[in-house]
Amino acid sequence: MNDHLRVGDADRDRAAAVLRSHLAAGRLTGDEFDDRLAAALGAVTVADLRQVLIDLPGPAVTGLPDSGLERSYRRLLAFYPARHRRVHEDEMLAVLMTAAPEGRTRPGLREAADLLGGALRVWCQPARRLSWRGLLGIVAAGTVTGFLGGITVAAASSRPVTSTTLVVIGRSGPGQQPVTSAAVHAYLNRQIAIMRSHQVLARAAEAVRPAVPEQTLSREVHVTPVTDRVVQISVEAPTAAQAVIAASAVAVSYITIATEHLPPADRAGVLDPAATLPEPSFFSTVADSSALGALCGTVLGAFLALAASRQRRRFRIT
Amino acid sequence: MTDSALREPTFLILTALATGARHGYAIMTDVAGISEGRVRLRPGSLYAALNRLLVEGLIEFDREEIVDGRLRRYYRLTDPGAHRLAAEVDRLSRTTAVARQRLKLLTEPS
């Protein structure tokens with residue numbers, strides 16, 4: 001609050017009214033009141049008025065700073081862009097205080113909403129009229145943002161690779177084969193259970209390089225029957241090489257553990273070795289998604305630039 | 001290229017400034033008066049509009065005064081602003097003329 005600011009008639013009248021209320025309340029004698037009233041009516045600056053009321057309780061006389069209402073308004077005005085505040089804050093505050101109904105101590109809900117809405121609109125307004133260079137800048141910014149966004153997305157979303165191998169299950173004993181359909185199914189299910197068993201997976205996990213915990217392997221292995229005698233083993237891993245190694249390891253581990261005791265002709269075997277779909281190289285993935293990002297960014301930037309230029313043109317040709 | 005219509009608050013602000021420079025609070029009360037109390041601008045909306053009109057060069061600063069320790073800044077129409085308002089008035093009067101003529105046909109069938 002600036003004590004050197006000059007006061008107006010409204011401020012002097014307000015001070016006089018305050019003095020009268022203190023006279024009525026018995027805080028001032030008649031003589032004191034007369035002296036102070038003369039001083040109030042002759043006040044030139046805020047400091048003069050303050051001196052008149054210095055030992056009396058009550059709010060500041062001149063509705064100037066220090067009032068809670070003004071502080072509340074300033075807090076709301078803080079939502080405006082700095083460049084707008086530099087130019088308009090003081091006059092907006094003056095308008096707000098002038099428009100505020102007598103006796104108001106806090107901004108109303110609608111006033112607050114109006115100020116925040118105004119702030120949002122000012123944030124969305126361009127600081128000055130856009131030149132062609134500015135419009136090109138918007139397009140270029142869109143392109144660059146889209147390009148970088150595409151690279152980020154490609155790098156962040158490296159999907160795991162699945163490798164699949166087909167295994168022919170072994171015979172139930174030397175030269176033996178389940179006969180009835182129910183027996184065939186029971187035998188098949190037992191073999192699948194063996195493939196997922198702790199023994200098989202632990203052995204497979206040991207064989208995999210770099211080493212993988214058995215729990216991880218157990219989570220990533222999927223075993224599904226293809227026919228009565230053929231089972232598909234799929235393993236998911238971050239890279240194709242790891243997936244292939246893990247799928248092969250599970251197949252070999254099963255063959256060894258389940259049918260090692262059988263003659264070679266009756267043992268289980270790999271029908272189709274582990275493989276993966278050809279994996280697109282990291283660079284081609286990045287190139288694709290960054291190009292797509294740049295394209296989308298350019299279109300969006302052009303759209304924004306077009307919107308801005310339409311607004312500009314609308315008002316320039318009059 | 002034809003101008004698109006001014007929004008009503010913008011139109012009223014330009015109208016308020018057509019008689020001379022005014023400060024923010026005076027624009028608010030004048031706009032309420034011109035619109036017969038229908039459009040009541042609040043400070044947030046008023047200054048968002050003034051800021052846009054300044055950027056578009058339709059209005060400009062006139063002068064500043066300090067009254068009761070408070071800043072009053074006056075705004076005035078620029079030449080483009082006056083042209084813009086005149087164009088809008090022409091457009092509106094052409095539209096109202098057509099509307100009036102058609103209403104007349106409606107009430108006095110031949």
# chains A, B, ... in the order shown; residues from 1 in each chain; ligands from 1
>>> residues_around(residues="Leu71 of chain B", least_positions_apart="6", cutoff="12 Å", atoms="only C-alpha atoms", output="ChimeraX atom specification")
/A:5,64,87-98 /B:23-25,63-65
>>> closest_atom_pairs(of="chain B", to="chain A", cutoff="12 Å", atoms="only C-alpha atoms", output="CSV")
residue,atom,partner,partner_atom,distance
B:Met1,CA,A:Ile317,CA,7.7
B:Thr2,CA,A:Arg314,CA,8.0
B:Asp3,CA,A:Arg314,CA,5.7
B:Ser4,CA,A:Arg314,CA,6.8
B:Ala5,CA,A:Arg314,CA,9.5
B:Leu6,CA,A:Phe315,CA,9.6
B:His23,CA,A:Glu91,CA,8.8
B:Gly24,CA,A:Val95,CA,6.5
B:Tyr25,CA,A:Val95,CA,5.4
B:Ala26,CA,A:Val95,CA,9.1
B:Ile27,CA,A:Val95,CA,10.3
B:Met28,CA,A:Val95,CA,9.1
B:Thr29,CA,A:Ala99,CA,9.6
B:Arg40,CA,A:Asp114,CA,11.6
B:Leu41,CA,A:Asp114,CA,9.4
B:Arg42,CA,A:Asp114,CA,6.6
B:Pro43,CA,A:Leu96,CA,6.5
B:Gly44,CA,A:Leu115,CA,4.2
B:Ser45,CA,A:Gly118,CA,5.2
B:Leu46,CA,A:Gly118,CA,8.0
B:Tyr47,CA,A:Gly118,CA,7.2
B:Ala48,CA,A:Gly118,CA,5.3
B:Ala49,CA,A:Val122,CA,8.5
B:Leu50,CA,A:Val122,CA,9.9
B:Asn51,CA,A:Val122,CA,7.3
B:Arg52,CA,A:Gln125,CA,6.8
B:Leu53,CA,A:Phe315,CA,9.4
B:Leu54,CA,A:Arg128,CA,8.8
B:Val55,CA,A:Arg128,CA,5.2
B:Glu56,CA,A:Arg129,CA,6.6
B:Gly57,CA,A:Arg316,CA,8.5
B:Leu58,CA,A:Phe315,CA,8.2
B:Ile59,CA,A:Phe315,CA,11.9
B:Phe61,CA,A:Val87,CA,10.7
B:Glu64,CA,A:Glu91,CA,9.6
B:Glu65,CA,A:Glu91,CA,10.1
B:Ile66,CA,A:Arg6,CA,9.3
B:Val67,CA,A:Gly8,CA,7.6
B:Asp68,CA,A:Gly8,CA,5.1
B:Gly69,CA,A:Leu5,CA,5.7
B:Arg70,CA,A:Ala94,CA,5.6
B:Leu71,CA,A:Glu91,CA,5.1
B:Arg72,CA,A:Glu91,CA,5.7
B:Arg73,CA,A:Glu91,CA,6.5
B:Tyr74,CA,A:Glu91,CA,9.8
B:Tyr75,CA,A:Glu91,CA,11.8
B:Asp79,CA,A:Thr318,CA,10.0
B:Pro80,CA,A:Thr318,CA,6.7
B:Gly81,CA,A:Thr318,CA,8.4
B:Ala82,CA,A:Thr318,CA,9.2
B:His83,CA,A:Thr318,CA,6.0
B:Arg84,CA,A:Thr318,CA,5.2
B:Leu85,CA,A:Thr318,CA,8.8
B:Ala86,CA,A:Thr318,CA,9.0
B:Ala87,CA,A:Thr318,CA,7.0
B:Glu88,CA,A:Thr318,CA,9.3
B:Asp90,CA,A:Thr318,CA,11.9
>>> write_last_selection(atoms="C-alpha atoms", output="mmCIF file, in the first residue's frame")
data_model
loop_
_atom_site.group_PDB
_atom_site.id
_atom_site.type_symbol
_atom_site.label_atom_id
_atom_site.label_comp_id
_atom_site.auth_asym_id
_atom_site.auth_seq_id
_atom_site.Cartn_x
_atom_site.Cartn_y
_atom_site.Cartn_z
ATOM 1 C CA MET B 1 -13.610 -12.101 -48.763
ATOM 2 C CA THR B 2 -16.639 -11.007 -46.773
ATOM 3 C CA ASP B 3 -16.373 -10.342 -43.077
ATOM 4 C CA SER B 4 -18.033 -12.788 -40.783
ATOM 5 C CA ALA B 5 -20.411 -11.349 -38.230
ATOM 6 C CA LEU B 6 -18.999 -9.727 -35.098
ATOM 7 C CA HIS B 23 -12.113 3.416 -19.769
ATOM 8 C CA GLY B 24 -12.986 -0.162 -18.851
ATOM 9 C CA TYR B 25 -15.715 0.507 -16.301
ATOM 10 C CA ALA B 26 -17.354 3.113 -18.555
ATOM 11 C CA ILE B 27 -17.384 0.580 -21.420
ATOM 12 C CA MET B 28 -19.117 -1.934 -19.124
ATOM 13 C CA THR B 29 -21.876 0.465 -18.098
ATOM 14 C CA ARG B 40 -23.838 -7.309 -18.964
ATOM 15 C CA LEU B 41 -20.120 -7.692 -19.479
ATOM 16 C CA ARG B 42 -18.107 -8.772 -16.484
ATOM 17 C CA PRO B 43 -14.497 -7.662 -16.100
ATOM 18 C CA GLY B 44 -13.032 -11.021 -17.180
ATOM 19 C CA SER B 45 -15.022 -11.132 -20.415
ATOM 20 C CA LEU B 46 -14.489 -7.422 -21.043
ATOM 21 C CA TYR B 47 -10.697 -7.600 -20.812
ATOM 22 C CA ALA B 48 -10.488 -10.808 -22.826
ATOM 23 C CA ALA B 49 -12.392 -8.961 -25.572
ATOM 24 C CA LEU B 50 -10.342 -5.759 -25.216
ATOM 25 C CA ASN B 51 -7.121 -7.755 -25.390
ATOM 26 C CA ARG B 52 -8.260 -9.444 -28.596
ATOM 27 C CA LEU B 53 -9.358 -6.145 -30.154
ATOM 28 C CA LEU B 54 -5.980 -4.600 -29.258
ATOM 29 C CA VAL B 55 -4.132 -7.518 -30.878
ATOM 30 C CA GLU B 56 -6.294 -7.215 -33.970
ATOM 31 C CA GLY B 57 -5.636 -3.471 -34.134
ATOM 32 C CA LEU B 58 -9.306 -2.478 -33.963
ATOM 33 C CA ILE B 59 -8.795 -0.414 -30.792
ATOM 34 C CA PHE B 61 -4.747 2.914 -25.908
ATOM 35 C CA GLU B 64 -4.285 6.958 -18.585
ATOM 36 C CA GLU B 65 -5.598 8.689 -15.511
ATOM 37 C CA ILE B 66 -5.208 8.018 -11.828
ATOM 38 C CA VAL B 67 -8.506 8.447 -9.996
ATOM 39 C CA ASP B 68 -8.653 7.736 -6.264
ATOM 40 C CA GLY B 69 -5.334 5.957 -6.493
ATOM 41 C CA ARG B 70 -6.617 3.654 -9.207
ATOM 42 C CA LEU B 71 -5.515 3.362 -12.793
ATOM 43 C CA ARG B 72 -8.008 4.222 -15.487
ATOM 44 C CA ARG B 73 -6.892 3.437 -18.991
ATOM 45 C CA TYR B 74 -8.883 4.813 -21.874
ATOM 46 C CA TYR B 75 -9.349 3.020 -25.185
ATOM 47 C CA ASP B 79 -9.431 3.557 -38.280
ATOM 48 C CA PRO B 80 -9.671 -0.168 -39.090
ATOM 49 C CA GLY B 81 -11.887 -0.528 -36.012
ATOM 50 C CA ALA B 82 -14.208 2.209 -37.221
ATOM 51 C CA HIS B 83 -14.330 0.645 -40.709
ATOM 52 C CA ARG B 84 -15.038 -2.740 -39.216
ATOM 53 C CA LEU B 85 -17.916 -1.352 -37.154
ATOM 54 C CA ALA B 86 -19.310 0.535 -40.177
ATOM 55 C CA ALA B 87 -19.173 -2.631 -42.294
ATOM 56 C CA GLU B 88 -20.994 -4.546 -39.568
ATOM 57 C CA ASP B 90 -24.201 -1.999 -43.085
#
>>> closest_residue(among="A:Ala302, A:Leu41, A:Val139, A:Leu53", to="Arg27 of chain A", atoms="only C-alpha atoms")
A:Leu53
>>> residues_around(residues="segment 286-294 of chain A", least_positions_apart="6", cutoff="7 Å", atoms="only C-alpha atoms", output="JSON, numbers by chain")
{"A": [143, 144, 146, 147, 148, 149, 150, 151, 154]}
>>> write_last_selection(atoms="N, CA and C atoms", output="mmCIF file, in the first residue's frame")
data_model
loop_
_atom_site.group_PDB
_atom_site.id
_atom_site.type_symbol
_atom_site.label_atom_id
_atom_site.label_comp_id
_atom_site.auth_asym_id
_atom_site.auth_seq_id
_atom_site.Cartn_x
_atom_site.Cartn_y
_atom_site.Cartn_z
ATOM 1 N N THR A 143 5.288 -30.590 -37.046
ATOM 2 C CA THR A 143 6.063 -31.665 -37.676
ATOM 3 C C THR A 143 7.099 -32.224 -36.707
ATOM 4 N N VAL A 144 7.871 -31.327 -36.090
ATOM 5 C CA VAL A 144 8.938 -31.771 -35.185
ATOM 6 C C VAL A 144 8.352 -32.538 -34.004
ATOM 7 N N GLY A 146 5.517 -34.167 -33.833
ATOM 8 C CA GLY A 146 5.030 -35.460 -34.290
ATOM 9 C C GLY A 146 6.173 -36.433 -34.529
ATOM 10 N N PHE A 147 7.268 -35.924 -35.125
ATOM 11 C CA PHE A 147 8.440 -36.761 -35.425
ATOM 12 C C PHE A 147 9.019 -37.335 -34.129
ATOM 13 N N LEU A 148 9.250 -36.431 -33.152
ATOM 14 C CA LEU A 148 9.821 -36.876 -31.873
ATOM 15 C C LEU A 148 8.862 -37.813 -31.151
ATOM 16 N N GLY A 149 7.559 -37.481 -31.218
ATOM 17 C CA GLY A 149 6.560 -38.336 -30.575
ATOM 18 C C GLY A 149 6.582 -39.733 -31.169
ATOM 19 N N GLY A 150 6.717 -39.815 -32.501
ATOM 20 C CA GLY A 150 6.757 -41.114 -33.176
ATOM 21 C C GLY A 150 7.944 -41.940 -32.710
ATOM 22 N N ILE A 151 9.116 -41.306 -32.622
ATOM 23 C CA ILE A 151 10.315 -42.020 -32.164
ATOM 24 C C ILE A 151 10.110 -42.538 -30.748
ATOM 25 N N ALA A 154 7.778 -45.490 -30.701
ATOM 26 C CA ALA A 154 8.412 -46.692 -31.245
ATOM 27 C C ALA A 154 9.387 -47.288 -30.238
#
>>> residues_around(residues="Leu136 of chain A", least_positions_apart="6", cutoff="12 Å", atoms="only C-alpha atoms", output="PyMOL selection string")
chain A and resi 130+142-143+298+301-306+308-309
>>> write_last_selection(atoms="C-alpha atoms", output="PDB file, in the first residue's frame")
ATOM      1  CA  LEU A 130       0.777 -13.822 -36.834  1.00  0.00           C
ATOM      2  CA  GLY A 142       3.774 -29.659 -35.396  1.00  0.00           C
ATOM      3  CA  THR A 143       6.063 -31.665 -37.676  1.00  0.00           C
ATOM      4  CA  THR A 298       2.249 -31.448 -39.950  1.00  0.00           C
ATOM      5  CA  GLY A 301       0.049 -27.760 -37.361  1.00  0.00           C
ATOM      6  CA  ALA A 302      -1.361 -26.772 -40.759  1.00  0.00           C
ATOM      7  CA  PHE A 303      -4.860 -26.974 -39.339  1.00  0.00           C
ATOM      8  CA  LEU A 304      -3.944 -24.708 -36.402  1.00  0.00           C
ATOM      9  CA  ALA A 305      -2.119 -22.284 -38.695  1.00  0.00           C
ATOM     10  CA  LEU A 306      -5.139 -22.177 -40.989  1.00  0.00           C
ATOM     11  CA  ALA A 308      -5.142 -18.690 -36.847  1.00  0.00           C
ATOM     12  CA  SER A 309      -4.803 -17.129 -40.277  1.00  0.00           C
TER      13      SER A 309
END
>>> select_by_dssp(residues="segment 99-234 of chain A", states="alpha helix (DSSP H)", output="ChimeraX atom specification")
/A:99,109-124,132-156,181-195,198-207,214-220
>>> closest_atom_pairs(of="segment 86-169 of chain A", to="segment 189-207 of chain A", cutoff="12 Å", atoms="only C-alpha atoms", output="Markdown table")
| residue | atom | partner | partner_atom | distance |
| --- | --- | --- | --- | --- |
| A:Val167 | CA | A:Met195 | CA | 10.4 |
| A:Val168 | CA | A:Gln191 | CA | 10.3 |
| A:Ile169 | CA | A:Gln191 | CA | 7.1 |
>>> residues_around(residues="Ala43 of chain A", least_positions_apart="4", cutoff="9 Å", atoms="only C-alpha atoms", output="ChimeraX atom specification")
/A:6-8,12,38-39,47-49,52
>>> atom_distance(atom1="atom CA of Ala246 of chain A", atom2="atom CA of Ala265 of chain A")
25.3 Å
>>> residues_around(residues="Arg20 of chain A", least_positions_apart="2", cutoff="12 Å", atoms="only C-alpha atoms", output="PyMOL selection string")
chain A and resi 13-18+22-30+32-34+36-37+40+53+56
>>> select_by_dssp(residues="segment 139-302 of chain A", states="strand (DSSP E)", output="list in words")
Val161, Thr162, Ser163, Thr164, Thr165, Leu166, Val167, Val168, Val221, His222, Val223, Thr224, Pro225, Val230, Val231, Gln232, Ile233, Ser234, Val235, Glu236, Ala237, Gly269, Val270, Leu271, Asp272, Pro273, Ala274 and Ala275 of chain A
>>> atom_distance(atom1="atom CA of Ala243 of chain A", atom2="atom CA of Ala268 of chain A")
21.3 Å
>>> decode(residues="segment 4-76 of chain B", atoms="C-alpha atoms", output="PDB file, in the first residue's frame")
ATOM      1  CA  SER B   4     -18.033 -12.788 -40.783  1.00  0.00           C
ATOM      2  CA  ALA B   5     -20.411 -11.349 -38.230  1.00  0.00           C
ATOM      3  CA  LEU B   6     -18.999  -9.727 -35.098  1.00  0.00           C
ATOM      4  CA  ARG B   7     -20.111 -11.345 -31.903  1.00  0.00           C
ATOM      5  CA  GLU B   8     -22.517  -9.177 -29.990  1.00  0.00           C
ATOM      6  CA  PRO B   9     -20.253  -8.165 -27.067  1.00  0.00           C
ATOM      7  CA  THR B  10     -17.540  -7.157 -29.563  1.00  0.00           C
ATOM      8  CA  PHE B  11     -20.058  -5.182 -31.579  1.00  0.00           C
ATOM      9  CA  LEU B  12     -21.295  -3.407 -28.441  1.00  0.00           C
ATOM     10  CA  ILE B  13     -17.778  -2.589 -27.230  1.00  0.00           C
ATOM     11  CA  LEU B  14     -16.876  -1.050 -30.592  1.00  0.00           C
ATOM     12  CA  THR B  15     -20.178   0.863 -30.505  1.00  0.00           C
ATOM     13  CA  ALA B  16     -19.423   2.138 -27.001  1.00  0.00           C
ATOM     14  CA  LEU B  17     -16.074   3.456 -28.217  1.00  0.00           C
ATOM     15  CA  ALA B  18     -17.561   5.065 -31.338  1.00  0.00           C
ATOM     16  CA  THR B  19     -18.414   8.267 -29.462  1.00  0.00           C
ATOM     17  CA  GLY B  20     -14.918   8.664 -28.039  1.00  0.00           C
ATOM     18  CA  ALA B  21     -12.352   7.174 -25.712  1.00  0.00           C
ATOM     19  CA  ARG B  22     -13.661   5.348 -22.659  1.00  0.00           C
ATOM     20  CA  HIS B  23     -12.113   3.416 -19.769  1.00  0.00           C
ATOM     21  CA  GLY B  24     -12.986  -0.162 -18.851  1.00  0.00           C
ATOM     22  CA  TYR B  25     -15.715   0.507 -16.301  1.00  0.00           C
ATOM     23  CA  ALA B  26     -17.354   3.113 -18.555  1.00  0.00           C
ATOM     24  CA  ILE B  27     -17.384   0.580 -21.420  1.00  0.00           C
ATOM     25  CA  MET B  28     -19.117  -1.934 -19.124  1.00  0.00           C
ATOM     26  CA  THR B  29     -21.876   0.465 -18.098  1.00  0.00           C
ATOM     27  CA  ASP B  30     -22.257   1.847 -21.627  1.00  0.00           C
ATOM     28  CA  VAL B  31     -22.604  -1.645 -23.124  1.00  0.00           C
ATOM     29  CA  ALA B  32     -25.304  -2.444 -20.569  1.00  0.00           C
ATOM     30  CA  GLY B  33     -27.056   0.818 -21.514  1.00  0.00           C
ATOM     31  CA  ILE B  34     -26.839   0.312 -25.306  1.00  0.00           C
ATOM     32  CA  SER B  35     -28.180  -3.232 -25.024  1.00  0.00           C
ATOM     33  CA  GLU B  36     -30.927  -2.098 -22.648  1.00  0.00           C
ATOM     34  CA  GLY B  37     -29.457  -4.215 -19.866  1.00  0.00           C
ATOM     35  CA  ARG B  38     -29.446  -7.390 -21.925  1.00  0.00           C
ATOM     36  CA  VAL B  39     -25.669  -7.737 -22.249  1.00  0.00           C
ATOM     37  CA  ARG B  40     -23.838  -7.309 -18.964  1.00  0.00           C
ATOM     38  CA  LEU B  41     -20.120  -7.692 -19.479  1.00  0.00           C
ATOM     39  CA  ARG B  42     -18.107  -8.772 -16.484  1.00  0.00           C
ATOM     40  CA  PRO B  43     -14.497  -7.662 -16.100  1.00  0.00           C
ATOM     41  CA  GLY B  44     -13.032 -11.021 -17.180  1.00  0.00           C
ATOM     42  CA  SER B  45     -15.022 -11.132 -20.415  1.00  0.00           C
ATOM     43  CA  LEU B  46     -14.489  -7.422 -21.043  1.00  0.00           C
ATOM     44  CA  TYR B  47     -10.697  -7.600 -20.812  1.00  0.00           C
ATOM     45  CA  ALA B  48     -10.488 -10.808 -22.826  1.00  0.00           C
ATOM     46  CA  ALA B  49     -12.392  -8.961 -25.572  1.00  0.00           C
ATOM     47  CA  LEU B  50     -10.342  -5.759 -25.216  1.00  0.00           C
ATOM     48  CA  ASN B  51      -7.121  -7.755 -25.390  1.00  0.00           C
ATOM     49  CA  ARG B  52      -8.260  -9.444 -28.596  1.00  0.00           C
ATOM     50  CA  LEU B  53      -9.358  -6.145 -30.154  1.00  0.00           C
ATOM     51  CA  LEU B  54      -5.980  -4.600 -29.258  1.00  0.00           C
ATOM     52  CA  VAL B  55      -4.132  -7.518 -30.878  1.00  0.00           C
ATOM     53  CA  GLU B  56      -6.294  -7.215 -33.970  1.00  0.00           C
ATOM     54  CA  GLY B  57      -5.636  -3.471 -34.134  1.00  0.00           C
ATOM     55  CA  LEU B  58      -9.306  -2.478 -33.963  1.00  0.00           C
ATOM     56  CA  ILE B  59      -8.795  -0.414 -30.792  1.00  0.00           C
ATOM     57  CA  GLU B  60      -5.783   1.257 -29.172  1.00  0.00           C
ATOM     58  CA  PHE B  61      -4.747   2.914 -25.908  1.00  0.00           C
ATOM     59  CA  ASP B  62      -5.807   6.526 -25.621  1.00  0.00           C
ATOM     60  CA  ARG B  63      -4.577   7.830 -22.261  1.00  0.00           C
ATOM     61  CA  GLU B  64      -4.285   6.958 -18.585  1.00  0.00           C
ATOM     62  CA  GLU B  65      -5.598   8.689 -15.511  1.00  0.00           C
ATOM     63  CA  ILE B  66      -5.208   8.018 -11.828  1.00  0.00           C
ATOM     64  CA  VAL B  67      -8.506   8.447  -9.996  1.00  0.00           C
ATOM     65  CA  ASP B  68      -8.653   7.736  -6.264  1.00  0.00           C
ATOM     66  CA  GLY B  69      -5.334   5.957  -6.493  1.00  0.00           C
ATOM     67  CA  ARG B  70      -6.617   3.654  -9.207  1.00  0.00           C
ATOM     68  CA  LEU B  71      -5.515   3.362 -12.793  1.00  0.00           C
ATOM     69  CA  ARG B  72      -8.008   4.222 -15.487  1.00  0.00           C
ATOM     70  CA  ARG B  73      -6.892   3.437 -18.991  1.00  0.00           C
ATOM     71  CA  TYR B  74      -8.883   4.813 -21.874  1.00  0.00           C
ATOM     72  CA  TYR B  75      -9.349   3.020 -25.185  1.00  0.00           C
ATOM     73  CA  ARG B  76     -10.373   4.407 -28.556  1.00  0.00           C
TER      74      ARG B  76
END
